[in-house]
Amino acid sequence: MKKIAWIGTGVMGHAMVSHLISAGYPVTVYTRTKAKALDLTEKATVVDSIAEAVKDADVVISIVGYPQDVESVYTTVFEHAKPHTLCIDMTTSSPQLAKSLAERAKTAGMRMMDAPVSGGDLGARNATLTIMVGSEPADYEEALPLFRIMGKTITYIGPAGSGQHCKMANQVVIAGTIAAVAEGLTYLQKVGLDPHIALGAIGGGSASSWQLLNNGPKMLNGDFAPGFYLHHFVKDLRLASEEAHDVDLTLPVTQQVLDLYTQLLEAGDRDLGTQSIIKAYQKGS
């Protein structure tokens with residue numbers, strides 16, 4: 001059975017690595033905040049450095065915060081992992097960085113995949129994540145048994161960077177949808193309807209969506225605990241906007257939603273969940 005080095009145990013990473021541990025894989029874990037991984041110590045090895053985590057690994061998997069974090073992690077991985085190691089970054093990051101890291105991995109005698117995920121903390125806990133993969137086809141086939149432990153919808157998109165491009169489109173669609181949910185619920189409240197009753201009606205028709213059914217009730221109940229951090233979503237939408245600009249494409253809906261989230265970010269709400277976008281509508285009303 002392959003030895004796995006896992007880097008990053010945040011909101012999603014902790015649940016994801018727990019599934020691999022439960023499946024019997026030998027896992028060594030590194031996370032910047034070691035306290036987040038202490039409950040894993042009975043079944044996994046938790047270490048103090050990336051170098052120690054990856055030195056004997058057959059597979060390195062990461063899910064961290066920002067592209068600069070990804071680049072920093074793999075600069076160390078490429079120095080300390082053994083030849084032919086399969087490196088899988090599951091962070092939502094830059095497509096251009098994914099391509100660059102794949103080339104650097106080849107130079108180091110390793111293999112690199114970008115495999116960002118969608119589904120939030122709920123999908124991570126339930127192992128129902130959507131996983132979008134950019135890699136060599138043979139590497140995808142090798143990683144597929146691991147992906148099946150963590151996710152439900154697993155798709156090979158294309159060569160390095162393709163997974164990240166697909167995730168950019170995913171975030172664009174989410175941006176428009178979650179904003180529409182917040183806008184619709186705010187409308188219901190302003191015209192004096194019971195939004196909980198009306199939400200049930202909307203959720204049973206063609207306007208239904210994951211965002212409506214999962215984040216709609218949270219919005220109405222003022223539950224802004226993060227299933228996915230607001231500041232990470234801002235990062236994703238900025239990446240999508242940058243990639244669109246590079247191909248002479250405008251994303252007007254994405255930009256409007258990004259502006260709303262940026263207002264919340266500047267107001268100090270960075271660690272709330274993405275459903276907190278309704279606060280921007282309520283403030284504006």
# chains A, B, ... in the order shown; residues from 1 in each chain; ligands from 1

$ residues_around --residues "stretch 208-215 of chain A" --least-positions-apart "5" --cutoff "6 Å" --atoms "only C-alpha atoms" --output "ChimeraX atom specification"
/A:178,181,203,275

$ write_last_selection --atoms "N, CA and C atoms" --output "short mmCIF file (atom, residue, chain, number, x, y, z; two decimals), in the first residue's frame"
data_model
loop_
_atom_site.label_atom_id
_atom_site.label_comp_id
_atom_site.auth_asym_id
_atom_site.auth_seq_id
_atom_site.Cartn_x
_atom_site.Cartn_y
_atom_site.Cartn_z
N ILE A 178 -24.73 31.76 -5.60
CA ILE A 178 -24.86 32.11 -4.19
C ILE A 178 -25.33 33.56 -4.03
N VAL A 181 -29.05 33.55 -4.66
CA VAL A 181 -29.78 33.05 -3.48
C VAL A 181 -29.93 34.16 -2.46
N GLY A 203 -37.17 25.89 -3.43
CA GLY A 203 -36.29 24.74 -3.45
C GLY A 203 -36.89 23.52 -4.11
N GLN A 275 -21.67 32.01 2.63
CA GLN A 275 -23.09 32.37 2.74
C GLN A 275 -23.30 33.74 3.38
#

$ residues_around --residues "A:Lys235" --least-positions-apart "3" --cutoff "9 Å" --atoms "only C-alpha atoms" --output "PyMOL selection string"
chain A and resi 66+92-93+230-232+238-240

$ atom_distance --atom1 "atom CA of A:Ala35" --atom2 "atom CA of A:Lys152"
29.1 Å

$ closest_residue --among "A:Ala180, A:Ala175, A:Leu264, A:Ala115" --to "A:Tyr156" --atoms "only C-alpha atoms"
A:Ala115

$ closest_residue --among "A:Glu142, A:Glu242, A:Asp121, A:Asp194" --to "A:Gly10" --atoms "only C-alpha atoms"
A:Asp121

$ atom_distance --atom1 "atom CA of A:Gly119" --atom2 "atom CA of A:Ile7"
19.3 Å

$ select_by_dssp --residues "stretch 39-222 of chain A" --states "strand (DSSP E)" --output "PyMOL selection string"
chain A and resi 45-46+59-62+86-89+111-114+117-118+129-134+151-158

$ atom_distance --atom1 "atom CA of A:Ala244" --atom2 "atom CA of A:Ala98"
16.4 Å

$ residues_around --residues "A:Val77" --least-positions-apart "4" --cutoff "8 Å" --atoms "only C-alpha atoms" --output "ChimeraX atom specification"
/A:50-51,54,73,81

$ write_last_selection --atoms "C-alpha atoms" --output "CSV table (one decimal), in the first residue's frame"
chain,number,residue,atom,x,y,z
A,50,ILE,CA,7.4,19.1,5.3
A,51,ALA,CA,10.9,17.5,4.7
A,54,VAL,CA,7.7,13.6,2.4
A,73,VAL,CA,5.3,23.7,-0.2
A,81,ALA,CA,10.9,13.7,-1.7

$ closest_atom_pairs --of "stretch 53-128 of chain A" --to "stretch 1-5 of chain A" --cutoff "9 Å" --atoms "only C-alpha atoms" --output "Markdown table"
| residue | atom | partner | partner_atom | distance |
| --- | --- | --- | --- | --- |
| A:Ala53 | CA | A:Ala5 | CA | 5.6 |
| A:Val54 | CA | A:Ala5 | CA | 5.5 |
| A:Lys55 | CA | A:Ala5 | CA | 8.7 |
| A:Asp56 | CA | A:Lys3 | CA | 7.4 |
| A:Ala57 | CA | A:Lys3 | CA | 5.0 |
| A:Asp58 | CA | A:Lys3 | CA | 5.2 |
| A:Val59 | CA | A:Ile4 | CA | 4.9 |
| A:Val60 | CA | A:Ala5 | CA | 4.7 |
| A:Ile61 | CA | A:Ala5 | CA | 6.2 |
| A:Ser62 | CA | A:Ala5 | CA | 8.4 |

$ write_last_selection --atoms "C-alpha atoms" --output "PDB file, in the first residue's frame"
ATOM      1  CA  ALA A  53       6.687  14.236   6.025  1.00  0.00           C
ATOM      2  CA  VAL A  54       7.707  13.567   2.436  1.00  0.00           C
ATOM      3  CA  LYS A  55      11.074  11.819   2.729  1.00  0.00           C
ATOM      4  CA  ASP A  56       9.668   8.263   2.451  1.00  0.00           C
ATOM      5  CA  ALA A  57       6.365   9.019   0.719  1.00  0.00           C
ATOM      6  CA  ASP A  58       5.165   7.458  -2.511  1.00  0.00           C
ATOM      7  CA  VAL A  59       2.449  10.101  -2.831  1.00  0.00           C
ATOM      8  CA  VAL A  60       2.379  13.694  -1.554  1.00  0.00           C
ATOM      9  CA  ILE A  61      -1.029  15.370  -1.289  1.00  0.00           C
ATOM     10  CA  SER A  62      -1.546  19.007  -0.321  1.00  0.00           C
TER      11      SER A  62
END

$ residues_around --residues "A:Ala198" --least-positions-apart "3" --cutoff "10 Å" --atoms "only C-alpha atoms" --output "VMD selection string"
chain A and resid 185 188 to 189 193 to 195 201 to 203

$ select_by_dssp --residues "stretch 84-261 of chain A" --states "helix (DSSP H, G or I)" --output "ChimeraX atom specification"
/A:95-107,120-126,137-150,162-190,195-203,210-221,230-246,252-261

$ closest_residue --among "A:Cys87, A:Val47, A:Ser276, A:Gln255" --to "A:Pro217" --atoms "only C-alpha atoms"
A:Ser276

$ residues_around --residues "A:Gly109" --least-positions-apart "3" --cutoff "9 Å" --atoms "only C-alpha atoms" --output "PyMOL selection string"
chain A and resi 78+82-85+104-106

$ write_last_selection --atoms "C-alpha atoms" --output "short mmCIF file (atom, residue, chain, number, x, y, z; two decimals), in the first residue's frame"
data_model
loop_
_atom_site.label_atom_id
_atom_site.label_comp_id
_atom_site.auth_asym_id
_atom_site.auth_seq_id
_atom_site.Cartn_x
_atom_site.Cartn_y
_atom_site.Cartn_z
CA PHE A 78 11.00 18.81 -4.70
CA LYS A 82 12.32 10.64 -3.43
CA PRO A 83 12.43 10.22 -7.23
CA HIS A 84 9.19 9.28 -9.01
CA THR A 85 7.02 10.55 -6.14
CA ARG A 104 9.61 21.63 -12.08
CA ALA A 105 8.48 18.21 -10.89
CA LYS A 106 9.77 16.64 -14.11
#
